[in-house]
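Enquirer: mmCIF, C-alpha atoms (C1' of nucleotides), file query13.cif:
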```cif
data_entry
loop_
_atom_site.label_atom_id
_atom_site.label_comp_id
_atom_site.auth_asym_id
_atom_site.auth_seq_id
_atom_site.Cartn_x
_atom_site.Cartn_y
_atom_site.Cartn_z
CA MET A 26 130.56 58.90 123.32
CA SER A 27 129.10 60.73 126.30
CA ARG A 28 125.34 61.07 125.98
CA PRO A 29 124.00 64.58 125.68
CA GLY A 30 125.26 66.58 128.65
CA LEU A 31 123.18 68.54 131.08
CA ARG A 32 123.50 71.65 128.99
CA GLU A 33 121.94 70.11 125.90
CA ARG A 34 119.22 68.33 127.83
CA LYS A 35 118.24 71.61 129.42
CA LYS A 36 118.04 73.25 126.02
CA THR A 37 115.73 70.69 124.44
CA GLU A 38 113.68 70.72 127.61
CA THR A 39 113.32 74.49 127.48
CA LEU A 40 112.39 74.35 123.79
CA ARG A 41 109.75 71.72 124.38
CA ARG A 42 108.32 73.62 127.31
CA MET A 43 108.04 76.86 125.35
CA GLN A 44 106.26 75.14 122.45
CA GLU A 45 103.89 73.35 124.78
CA GLU A 46 102.97 76.46 126.73
CA ALA A 47 102.66 78.48 123.54
CA LEU A 48 100.23 76.04 121.95
CA ARG A 49 98.24 75.86 125.16
CA LEU A 50 97.99 79.64 125.38
CA PHE A 51 97.11 79.95 121.70
CA GLU A 52 94.26 77.54 122.17
CA GLU A 53 93.04 79.17 125.36
CA GLN A 54 93.09 82.81 124.37
CA GLY A 55 93.89 82.88 120.65
CA TYR A 56 97.10 83.46 118.74
CA ASP A 57 97.06 87.24 118.45
CA ALA A 58 95.93 87.77 122.00
CA THR A 59 98.90 85.80 123.29
CA THR A 60 102.10 87.80 123.73
CA ILE A 61 105.68 86.60 123.73
CA GLU A 62 105.92 87.85 127.29
CA GLN A 63 103.14 85.51 128.38
CA ILE A 64 104.71 82.53 126.65
CA ALA A 65 108.10 83.29 128.19
CA GLU A 66 106.51 83.79 131.57
CA ALA A 67 104.59 80.51 131.34
CA ALA A 68 107.71 78.64 130.28
CA GLY A 69 109.76 80.26 133.03
CA VAL A 70 112.23 82.08 130.80
CA SER A 71 112.83 85.65 129.70
CA PRO A 72 111.53 87.07 126.40
CA SER A 73 115.15 87.31 125.27
CA THR A 74 115.50 83.57 125.58
CA PHE A 75 112.37 83.01 123.54
CA TYR A 76 113.81 84.94 120.63
CA ARG A 77 117.00 82.95 120.89
CA TYR A 78 115.07 79.77 120.21
CA PHE A 79 112.49 81.07 117.75
CA PRO A 80 113.22 83.84 115.26
CA THR A 81 109.53 84.78 115.12
CA LYS A 82 106.34 84.06 117.00
CA GLU A 83 105.11 81.97 114.09
CA ASP A 84 108.01 79.56 114.30
CA VAL A 85 106.73 78.12 117.57
CA VAL A 86 103.99 76.48 115.55
CA VAL A 87 105.38 76.12 112.06
CA GLN A 88 108.40 73.95 112.08
CA ASP A 89 107.76 71.06 109.84
CA GLU A 90 109.28 67.67 110.33
CA TYR A 91 106.88 65.94 107.93
CA ASP A 92 107.74 67.56 104.62
CA PRO A 93 111.43 66.58 104.84
CA MET A 94 110.40 63.04 105.75
CA ILE A 95 108.24 62.72 102.65
CA VAL A 96 110.94 64.23 100.47
CA ALA A 97 113.34 61.63 101.87
CA ALA A 98 110.83 58.86 101.16
CA PHE A 99 110.49 60.17 97.61
CA ARG A 100 114.23 59.99 97.23
CA ARG A 101 114.21 56.35 98.25
CA GLN A 102 111.88 55.32 95.40
CA PRO A 103 113.36 53.29 92.51
CA GLU A 104 115.01 55.34 89.77
CA GLY A 105 112.90 53.91 86.98
CA ALA A 106 109.51 54.79 88.44
CA ALA A 107 107.47 57.64 86.94
CA PRO A 108 107.78 60.69 89.20
CA ILE A 109 104.11 60.76 90.03
CA ASP A 110 104.11 57.08 91.01
CA ALA A 111 107.21 57.59 93.10
CA PHE A 112 105.42 60.34 94.96
CA ARG A 113 102.33 58.23 95.46
CA SER A 114 104.42 55.46 97.00
CA ALA A 115 106.38 57.89 99.14
CA LEU A 116 103.19 59.31 100.62
CA ALA A 117 101.74 55.88 101.29
CA GLU A 118 104.92 54.68 102.96
CA GLN A 119 105.07 57.72 105.14
CA PHE A 120 101.54 57.88 106.41
CA ALA A 121 101.43 54.12 106.90
CA GLN A 122 103.69 54.50 109.90
CA PHE A 123 101.73 57.36 111.45
CA SER A 124 99.90 56.55 114.65
CA PRO A 125 96.35 57.81 115.22
CA GLU A 126 97.85 60.30 117.68
CA ASP A 127 100.21 61.57 114.97
CA MET A 128 97.22 62.04 112.68
CA ALA A 129 95.31 63.92 115.35
CA ARG A 130 98.29 66.16 116.02
CA LEU A 131 98.75 66.81 112.31
CA ARG A 132 95.11 67.72 111.99
CA GLY A 133 95.19 70.01 115.01
CA ARG A 134 98.21 71.83 113.74
CA VAL A 135 96.74 72.26 110.26
CA GLU A 136 93.59 73.70 111.79
CA LEU A 137 95.54 76.19 113.87
CA VAL A 138 97.66 77.23 110.90
CA LEU A 139 94.56 77.63 108.74
CA SER A 140 92.83 79.82 111.28
CA VAL A 141 95.67 82.30 111.75
CA PRO A 142 96.70 84.34 108.69
CA ALA A 143 100.20 84.94 109.97
CA LEU A 144 100.75 81.23 110.41
CA ARG A 145 99.30 80.42 107.02
CA ALA A 146 101.70 82.85 105.47
CA ARG A 147 104.63 81.34 107.30
CA GLN A 148 103.57 77.84 106.31
CA VAL A 149 103.65 78.79 102.68
CA GLN A 150 107.36 79.44 102.86
CA GLN A 151 107.81 75.86 104.02
CA VAL A 152 105.71 74.58 101.16
CA VAL A 153 107.63 76.62 98.62
CA ALA A 154 110.86 75.15 99.93
CA THR A 155 109.42 71.67 99.60
CA GLU A 156 108.28 72.41 96.07
CA ARG A 157 111.79 73.46 95.13
CA MET A 158 113.28 70.28 96.59
CA ILE A 159 110.83 68.14 94.67
CA GLY A 160 111.59 70.04 91.49
CA GLU A 161 115.29 69.45 91.94
CA MET A 162 114.87 65.76 92.61
CA VAL A 163 112.60 65.29 89.62
CA ALA A 164 114.99 67.24 87.43
CA GLU A 165 117.81 64.95 88.46
CA ARG A 166 115.77 61.80 87.86
CA THR A 167 114.58 62.82 84.43
CA GLY A 168 117.78 64.46 83.31
CA ARG A 169 116.11 67.81 82.79
CA SER A 170 116.96 71.25 84.08
CA PRO A 171 115.41 72.41 87.37
CA GLY A 172 114.27 75.52 85.52
CA ASP A 173 112.48 73.50 82.85
CA LEU A 174 108.89 74.66 82.45
CA GLU A 175 107.44 71.18 82.71
CA VAL A 176 109.53 70.26 85.71
CA ARG A 177 108.36 73.40 87.47
CA ASN A 178 104.81 72.76 86.43
CA PHE A 179 104.95 69.20 87.67
CA ALA A 180 106.30 70.21 91.08
CA ALA A 181 103.75 73.00 91.42
CA ALA A 182 100.83 70.80 90.47
CA LEU A 183 102.03 68.03 92.78
CA ILE A 184 102.28 70.33 95.78
CA ALA A 185 98.92 71.86 94.96
CA THR A 186 97.26 68.47 94.81
CA TRP A 187 98.92 67.40 98.01
CA SER A 188 97.76 70.55 99.81
CA ALA A 189 94.24 70.32 98.42
CA GLY A 190 93.99 66.75 99.64
CA ILE A 191 95.11 67.58 103.14
CA LEU A 192 92.74 70.52 103.28
CA VAL A 193 89.74 68.50 102.22
CA TRP A 194 90.77 65.80 104.67
CA VAL A 195 90.95 68.27 107.55
CA GLU A 196 87.66 69.86 106.57
CA GLY A 197 86.11 66.41 106.66
CA GLY A 198 87.13 66.16 110.30
CA GLY A 199 90.05 63.84 109.64
CA GLN A 200 87.67 60.87 109.49
CA ASP A 201 88.65 59.63 106.04
CA ASP A 202 91.78 57.73 105.22
CA LEU A 203 94.32 60.40 104.32
CA THR A 204 96.32 58.13 102.06
CA ALA A 205 93.20 57.26 100.11
CA VAL A 206 92.22 60.91 99.72
CA LEU A 207 95.67 61.83 98.47
CA GLY A 208 95.62 58.83 96.15
CA ARG A 209 92.42 60.06 94.57
CA CYS A 210 93.93 63.51 94.13
CA LEU A 211 96.95 62.09 92.39
CA ASP A 212 94.81 59.92 90.11
CA HIS A 213 92.74 62.93 89.22
CA LEU A 214 95.84 64.97 88.51
CA GLU A 215 97.33 62.22 86.39
CA ALA A 216 94.16 62.19 84.31
CA GLY A 217 94.54 65.91 83.64
CA VAL A 218 92.10 67.12 86.31
CA PRO A 219 89.00 66.47 84.15
CA LEU A 220 85.64 67.68 85.29
CA MET B 10 75.17 111.58 86.13
CA SER B 11 77.71 113.89 87.76
CA ARG B 12 81.24 112.67 87.18
CA PRO B 13 83.33 111.88 90.24
CA GLY B 14 83.53 115.00 92.38
CA LEU B 15 86.64 116.70 93.64
CA ARG B 16 86.58 114.65 96.80
CA GLU B 17 86.79 111.32 95.03
CA ARG B 18 89.32 112.54 92.53
CA LYS B 19 91.55 113.64 95.36
CA LYS B 20 91.23 110.28 97.02
CA THR B 21 92.25 108.26 93.99
CA GLU B 22 95.01 110.75 93.37
CA THR B 23 96.31 110.36 96.91
CA LEU B 24 96.14 106.58 96.63
CA ARG B 25 98.04 106.57 93.36
CA ARG B 26 100.68 108.93 94.77
CA MET B 27 101.26 106.82 97.83
CA GLN B 28 101.67 103.67 95.76
CA GLU B 29 104.00 105.39 93.36
CA GLU B 30 106.21 106.86 96.04
CA ALA B 31 106.21 103.60 97.98
CA LEU B 32 107.36 101.57 95.00
CA ARG B 33 110.03 104.15 94.23
CA LEU B 34 111.34 104.07 97.79
CA PHE B 35 111.22 100.28 97.92
CA GLU B 36 113.34 100.12 94.81
CA GLU B 37 115.77 102.77 95.99
CA GLN B 38 116.41 101.61 99.53
CA GLY B 39 114.71 98.25 99.90
CA TYR B 40 111.38 97.21 101.35
CA ASP B 41 112.35 96.71 104.97
CA ALA B 42 114.49 99.81 105.10
CA THR B 43 111.55 101.95 104.02
CA THR B 44 109.25 103.10 106.78
CA ILE B 45 105.63 104.10 106.59
CA GLU B 46 106.68 107.54 107.79
CA GLN B 47 108.92 107.98 104.76
CA ILE B 48 106.20 106.89 102.37
CA ALA B 49 103.67 109.21 103.96
CA GLU B 50 106.18 112.05 103.95
CA ALA B 51 107.03 111.49 100.28
CA ALA B 52 103.35 111.40 99.35
CA GLY B 53 102.61 114.50 101.39
CA VAL B 54 100.21 112.88 103.85
CA SER B 55 100.31 111.80 107.47
CA PRO B 56 101.02 108.21 108.56
CA SER B 57 97.45 108.06 109.81
CA THR B 58 96.18 108.64 106.30
CA PHE B 59 98.41 105.90 104.97
CA TYR B 60 96.79 103.38 107.29
CA ARG B 61 93.38 104.55 106.24
CA TYR B 62 94.14 103.57 102.66
CA PHE B 63 96.22 100.45 103.28
CA PRO B 64 95.63 98.13 106.21
CA THR B 65 99.24 96.96 106.11
CA LYS B 66 102.52 97.97 104.54
CA GLU B 67 102.31 94.98 102.23
CA ASP B 68 99.06 96.11 100.71
CA VAL B 69 100.72 99.01 98.93
CA VAL B 70 102.25 96.46 96.62
CA VAL B 71 99.88 93.53 96.76
CA GLN B 72 96.45 94.66 95.75
CA ASP B 73 95.59 92.81 92.69
CA GLU B 74 93.42 94.17 89.98
CA TYR B 75 94.42 91.41 87.54
CA ASP B 76 93.10 88.34 89.32
CA PRO B 77 89.55 89.69 89.51
CA MET B 78 89.75 90.65 85.84
CA ILE B 79 90.71 87.13 84.84
CA VAL B 80 88.02 85.65 87.04
CA ALA B 81 85.53 87.92 85.32
CA ALA B 82 86.82 86.84 81.91
CA PHE B 83 86.45 83.22 83.00
CA ARG B 84 82.86 83.93 83.94
CA ARG B 85 82.16 85.28 80.47
CA GLN B 86 83.15 82.03 78.75
CA PRO B 87 80.38 79.89 77.21
CA GLU B 88 78.62 77.53 79.60
CA GLY B 89 79.32 74.43 77.56
CA ALA B 90 83.11 74.77 77.42
CA ALA B 91 85.29 72.47 79.50
CA PRO B 92 86.57 74.39 82.54
CA ILE B 93 90.19 74.16 81.53
CA ASP B 94 89.45 75.45 78.05
CA ALA B 95 87.38 78.27 79.48
CA PHE B 96 90.32 79.26 81.60
CA ARG B 97 92.71 79.09 78.66
CA SER B 98 90.49 81.45 76.70
CA ALA B 99 90.01 83.78 79.63
CA LEU B 100 93.77 84.14 80.06
CA ALA B 101 94.32 84.73 76.36
CA GLU B 102 91.58 87.35 76.18
CA GLN B 103 92.93 89.15 79.17
CA PHE B 104 96.60 89.36 78.28
CA ALA B 105 95.78 90.19 74.68
CA GLN B 106 94.71 93.65 75.78
CA PHE B 107 97.78 94.27 77.92
CA SER B 108 100.17 96.91 76.68
CA PRO B 109 103.94 96.31 76.81
CA GLU B 110 104.00 98.78 79.70
CA ASP B 111 101.43 96.73 81.56
CA MET B 112 103.58 93.66 81.04
CA ALA B 113 106.67 95.45 82.32
CA ARG B 114 104.77 96.66 85.36
CA LEU B 115 103.44 93.19 86.05
CA ARG B 116 106.93 91.75 85.80
CA GLY B 117 108.41 94.39 88.10
CA ARG B 118 105.76 93.82 90.68
CA VAL B 119 106.20 90.06 90.59
CA GLU B 120 109.93 90.47 91.04
CA LEU B 121 109.47 92.73 94.05
CA VAL B 122 106.96 90.37 95.61
CA LEU B 123 109.28 87.43 95.06
CA SER B 124 112.21 89.16 96.69
CA VAL B 125 110.43 90.16 99.90
CA PRO B 126 109.17 87.34 102.13
CA ALA B 127 106.49 89.46 103.73
CA LEU B 128 105.09 90.37 100.33
CA ARG B 129 105.21 86.79 99.10
CA ALA B 130 103.23 85.76 102.14
CA ARG B 131 100.65 88.45 101.54
CA GLN B 132 100.38 87.55 97.88
CA VAL B 133 99.49 84.01 98.80
CA GLN B 134 96.34 85.20 100.53
CA GLN B 135 95.27 86.83 97.29
CA VAL B 136 95.95 83.66 95.38
CA VAL B 137 94.00 81.57 97.86
CA ALA B 138 91.05 83.91 97.47
CA THR B 139 91.27 83.59 93.70
CA GLU B 140 91.45 79.83 94.00
CA ARG B 141 88.28 79.81 96.02
CA MET B 142 86.45 81.96 93.48
CA ILE B 143 87.52 79.67 90.67
CA GLY B 144 86.39 76.66 92.65
CA GLU B 145 82.98 78.19 93.21
CA MET B 146 82.55 79.11 89.56
CA VAL B 147 83.59 75.67 88.40
CA ALA B 148 81.29 74.04 90.92
CA GLU B 149 78.40 76.07 89.59
CA ARG B 150 79.20 75.25 85.97
CA THR B 151 79.54 71.54 86.54
CA GLY B 152 76.75 71.21 89.04
CA ARG B 153 79.07 69.88 91.72
CA SER B 154 79.61 70.98 95.28
CA PRO B 155 82.34 73.57 95.98
CA GLY B 156 83.68 71.16 98.59
CA ASP B 157 83.98 68.34 96.09
CA LEU B 158 87.45 66.82 96.12
CA GLU B 159 87.87 67.01 92.36
CA VAL B 160 86.61 70.57 92.16
CA ARG B 161 89.08 71.59 94.84
CA ASN B 162 91.84 69.67 93.15
CA PHE B 163 91.06 71.26 89.81
CA ALA B 164 91.16 74.77 91.22
CA ALA B 165 94.36 74.09 93.14
CA ALA B 166 96.12 72.58 90.14
CA LEU B 167 94.95 75.40 87.89
CA ILE B 168 96.26 78.09 90.20
CA ALA B 169 99.51 76.20 90.65
CA THR B 170 100.02 75.95 86.90
CA TRP B 171 99.18 79.58 86.42
CA SER B 172 101.64 80.65 89.11
CA ALA B 173 104.36 78.36 87.83
CA GLY B 174 103.97 79.81 84.35
CA ILE B 175 104.23 83.39 85.53
CA LEU B 176 107.25 82.54 87.64
CA VAL B 177 109.11 80.90 84.78
CA TRP B 178 108.13 83.81 82.55
CA VAL B 179 109.53 86.35 85.00
CA GLU B 180 112.69 84.33 85.51
CA GLY B 181 113.16 84.35 81.75
CA GLY B 182 113.23 88.12 81.88
CA GLY B 183 109.73 88.55 80.53
CA GLN B 184 111.01 88.06 77.00
CA ASP B 185 108.72 85.18 76.06
CA ASP B 186 105.07 85.49 75.17
CA LEU B 187 103.27 85.06 78.47
CA THR B 188 100.12 83.70 76.88
CA ALA B 189 102.15 81.05 75.08
CA VAL B 190 103.95 80.03 78.26
CA LEU B 191 100.70 79.72 80.17
CA GLY B 192 99.20 77.80 77.26
CA ARG B 193 102.00 75.26 77.42
CA CYS B 194 101.48 74.92 81.16
CA LEU B 195 97.78 74.24 80.70
CA ASP B 196 98.45 71.70 77.96
CA HIS B 197 100.93 69.96 80.20
CA LEU B 198 98.45 69.93 83.06
CA GLU B 199 95.69 68.62 80.84
CA ALA B 200 97.97 65.75 79.83
CA GLY B 201 98.44 64.83 83.49
CA VAL B 202 101.81 66.56 83.96
CA PRO B 203 103.80 63.71 82.38
CA LEU B 204 107.59 63.72 82.52
"C1'" DT C 21 76.95 131.46 103.38
"C1'" DA C 22 75.78 128.15 106.89
"C1'" DT C 23 75.62 123.30 107.81
"C1'" DC C 24 76.69 118.49 107.54
"C1'" DA C 25 79.57 114.57 106.43
"C1'" DA C 26 83.81 112.90 105.22
"C1'" DA C 27 88.68 112.98 105.22
"C1'" DT C 28 92.78 114.21 107.63
"C1'" DG C 29 96.37 114.98 111.26
"C1'" DA C 30 98.17 114.59 115.78
"C1'" DT C 31 98.83 112.06 119.92
"C1'" DA C 32 99.48 108.16 122.80
"C1'" DG C 33 99.83 103.43 123.32
"C1'" DT C 34 100.67 98.21 122.33
"C1'" DT C 35 103.59 94.65 120.63
"C1'" DA C 36 106.80 92.13 117.70
"C1'" DC C 37 111.49 92.16 117.03
"C1'" DT C 38 116.77 93.79 117.36
"C1'" DA C 39 121.09 94.98 119.59
"C1'" DT C 40 124.00 94.92 123.31
"C1'" DC C 41 126.14 93.81 127.50
"C1'" DA C 42 126.72 92.10 132.15
"C1'" DG C 43 126.13 88.09 134.99
"C1'" DA C 44 125.17 83.02 135.79
"C1'" DA C 45 125.92 78.33 134.82
"C1'" DA C 46 128.04 74.29 132.64
"C1'" DG C 47 132.32 71.93 131.01
"C1'" DG C 48 137.31 70.84 131.20
"C1'" DG C 49 142.18 71.08 133.15
"C1'" DG C 50 145.17 71.45 136.92
"C1'" DC D 20 138.33 71.53 144.79
"C1'" DC D 21 139.48 75.80 142.27
"C1'" DC D 22 140.32 78.40 137.96
"C1'" DC D 23 139.30 79.50 133.33
"C1'" DT D 24 136.77 79.33 129.11
"C1'" DT D 25 132.57 78.87 126.71
"C1'" DT D 26 127.84 79.04 126.40
"C1'" DC D 27 123.44 80.42 127.86
"C1'" DT D 28 120.48 83.70 130.09
"C1'" DG D 29 118.37 88.15 131.63
"C1'" DA D 30 117.91 93.05 131.61
"C1'" DT D 31 117.82 97.30 129.27
"C1'" DA D 32 117.00 100.34 125.56
"C1'" DG D 33 115.46 101.10 121.12
"C1'" DT D 34 112.95 100.70 116.33
"C1'" DA D 35 108.91 100.33 113.64
"C1'" DA D 36 104.39 98.36 112.45
"C1'" DC D 37 99.89 98.87 113.75
"C1'" DT D 38 95.55 100.55 116.74
"C1'" DA D 39 92.48 103.79 118.95
"C1'" DT D 40 90.86 108.24 119.68
"C1'" DC D 41 89.76 113.00 119.10
"C1'" DA D 42 90.14 117.59 117.33
"C1'" DT D 43 90.59 119.98 112.89
"C1'" DT D 44 90.06 120.77 108.23
"C1'" DT D 45 87.89 120.38 103.79
"C1'" DG D 46 84.59 119.08 100.12
"C1'" DA D 47 79.53 118.62 99.38
"C1'" DT D 48 74.86 120.55 99.86
"C1'" DA D 49 70.95 123.30 100.72
#
```
So that I can check it, write out the structure of this file as structure tokens.
Expert:
Amino acid sequence: MSRPGLRERKKTETLRRMQEEALRLFEEQGYDATTIEQIAEAAGVSPSTFYRYFPTKEDVVVQDEYDPMIVAAFRRQPEGAAPIDAFRSALAEQFAQFSPEDMARLRGRVELVLSVPALRARQVQQVVATERMIGEMVAERTGRSPGDLEVRNFAAALIATWSAGILVWVEGGGQDDLTAVLGRCLDHLEAGVPL
Amino acid sequence: MSRPGLRERKKTETLRRMQEEALRLFEEQGYDATTIEQIAEAAGVSPSTFYRYFPTKEDVVVQDEYDPMIVAAFRRQPEGAAPIDAFRSALAEQFAQFSPEDMARLRGRVELVLSVPALRARQVQQVVATERMIGEMVAERTGRSPGDLEVRNFAAALIATWSAGILVWVEGGGQDDLTAVLGRCLDHLEAGVPL
DNA sequence: TATCAAATGATAGTTACTATCAGAAAGGGG
DNA sequence: CCCCTTTCTGATAGTAACTATCATTTGATA
């Protein structure tokens, strides 16, 4: 029953502080120019402690809570729906409950990740994991094998469209309605990406 | 007129030797367990020289000559053709002149890249660059802007399909006809990735 | 052969990351 | 309140990728 004890509170507090200071330093002096020592120093811990919380420097930035949320939303869609429609609904549901601050944070993070090669690389691993999850879910829904060429192709194309949409959205300054942009991407994909 | 002098021949020879020895060592003892020092030693050069040829350890493996070739083949396709058809032809033309040895090498390299996270990350940069080039070419052909949402989406989906096809091909042991696999992927994409 | 430019090797340094171990701090039982 | 166990932290030492710099060698050229 007992709420999180002092020990656990201290841990989450330390984690939050390290992330905050790290992002601040990255913005102030750039990602590469910021050392682990500086981050640890700013957060009032030793470098050893930093590595206990984050396996790599990149992980301070790239630790996605959104992808799993959207995958979960996808899973909640009715069984009968076409996979692409299920995904469309899942995206809409998810972003509908994002506050403007959430959107701004998302955009800021995407911009940082885009500007630092090491972070971009790390982000890709996340995306690949998400692609695999989607592939597995779709395989289950349609009664196909996860290794099926079309299942793989569907998942790959879906992720690609999703990413392209977010990129264009960020490049546009985050002014447009993200759900609408992604909707247009999905429509275009469903039509066979004609030009 | 004069053919490449001794100097240049030595350079390409050194490059080839370093790549060869690196791949051998990677296979024998693993990527991470192989140091630059060992590669340099095996190739009979100093570590300094290694870094003069390859900016990073990853670049010994990931330095694609195929992507540019396919982009060039794409560029050679008739102006009037639909972009997706142009790409289909470009792929077919390209792989048609691959020897079985080339195919085996391609497969081996893909497998190595897949198995090492650092290499996968590096490979992505290449793919992103290729995606951009395709986007620009398509924009030019269709008279649209390179930042156009549909142009971006087309390029992203195309690259995704391409990658998915190669992955499935490699997972199948490279037995299937790669051109056929990629053809099926493109057909599926053109149909709107239905499931 | 003498000269110039390019390629190489050697050295020293920075930084991300790992391994290990001793000490501090939190939790639970008497 | 004190002891004991567990968990977290800090310090130290080390590896290896990568950078910067400079002296040396080697291919090209006149």
Enquirer: Quick one: which residues from chain A are at most 6 Å off chain B, using all atoms listed in the file, as a ChimeraX atom specification?
Expert: /A:146,178-179,181-182,185-186,189,214-218
Enquirer: Could you list, with a cut-off of 8 Å and counting all atoms listed in the file, the residues of chain A near chain D, each shown with its nearest atom pair and the distance in Å rounded to one decimal, rows sorted by chain and ascending number, as a Markdown table?
Expert:
```
| residue | atom | partner | partner_atom | distance |
| --- | --- | --- | --- | --- |
| A:Ser71 | CA | D:DG29 | C1' | 6.4 |
| A:Ser73 | CA | D:DG29 | C1' | 7.2 |
| A:Thr74 | CA | D:DT28 | C1' | 6.7 |
```
Enquirer: For those residues, write C-alpha atoms to a file as a PDB file, in the frame of the given file.
Expert:
```pdb
ATOM      1  CA  SER A  71     112.830  85.650 129.700  1.00  0.00           C
ATOM      2  CA  SER A  73     115.150  87.310 125.270  1.00  0.00           C
ATOM      3  CA  THR A  74     115.500  83.570 125.580  1.00  0.00           C
TER       4      THR A  74
END
```
Enquirer: Within 9 Å of chain B, which residues of chain C are there when counting only C-alpha atoms (C1' of nucleotides)? Please give them as a list in words.
Expert: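 Residues passing the distance filter: DA27, DT28, DG29 and DA30 of chain C.
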Enquirer: Store the residues picked out above in a file with C-alpha atoms (C1' of nucleotides), as an mmCIF file, in the frame of the given file.
Expert:
```cif
data_model
loop_
_atom_site.group_PDB
_atom_site.id
_atom_site.type_symbol
_atom_site.label_atom_id
_atom_site.label_comp_id
_atom_site.auth_asym_id
_atom_site.auth_seq_id
_atom_site.Cartn_x
_atom_site.Cartn_y
_atom_site.Cartn_z
ATOM 1 C "C1'" DA C 27 88.680 112.980 105.220
ATOM 2 C "C1'" DT C 28 92.780 114.210 107.630
ATOM 3 C "C1'" DG C 29 96.370 114.980 111.260
ATOM 4 C "C1'" DA C 30 98.170 114.590 115.780
#
```
Enquirer: B:Glu88, B:Pro64, B:Met142, B:Ala49: which is nearest Glu29 in chain B, counting only C-alpha atoms?
Expert: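 The closest residue to Glu29 in chain B is B:Ala49.
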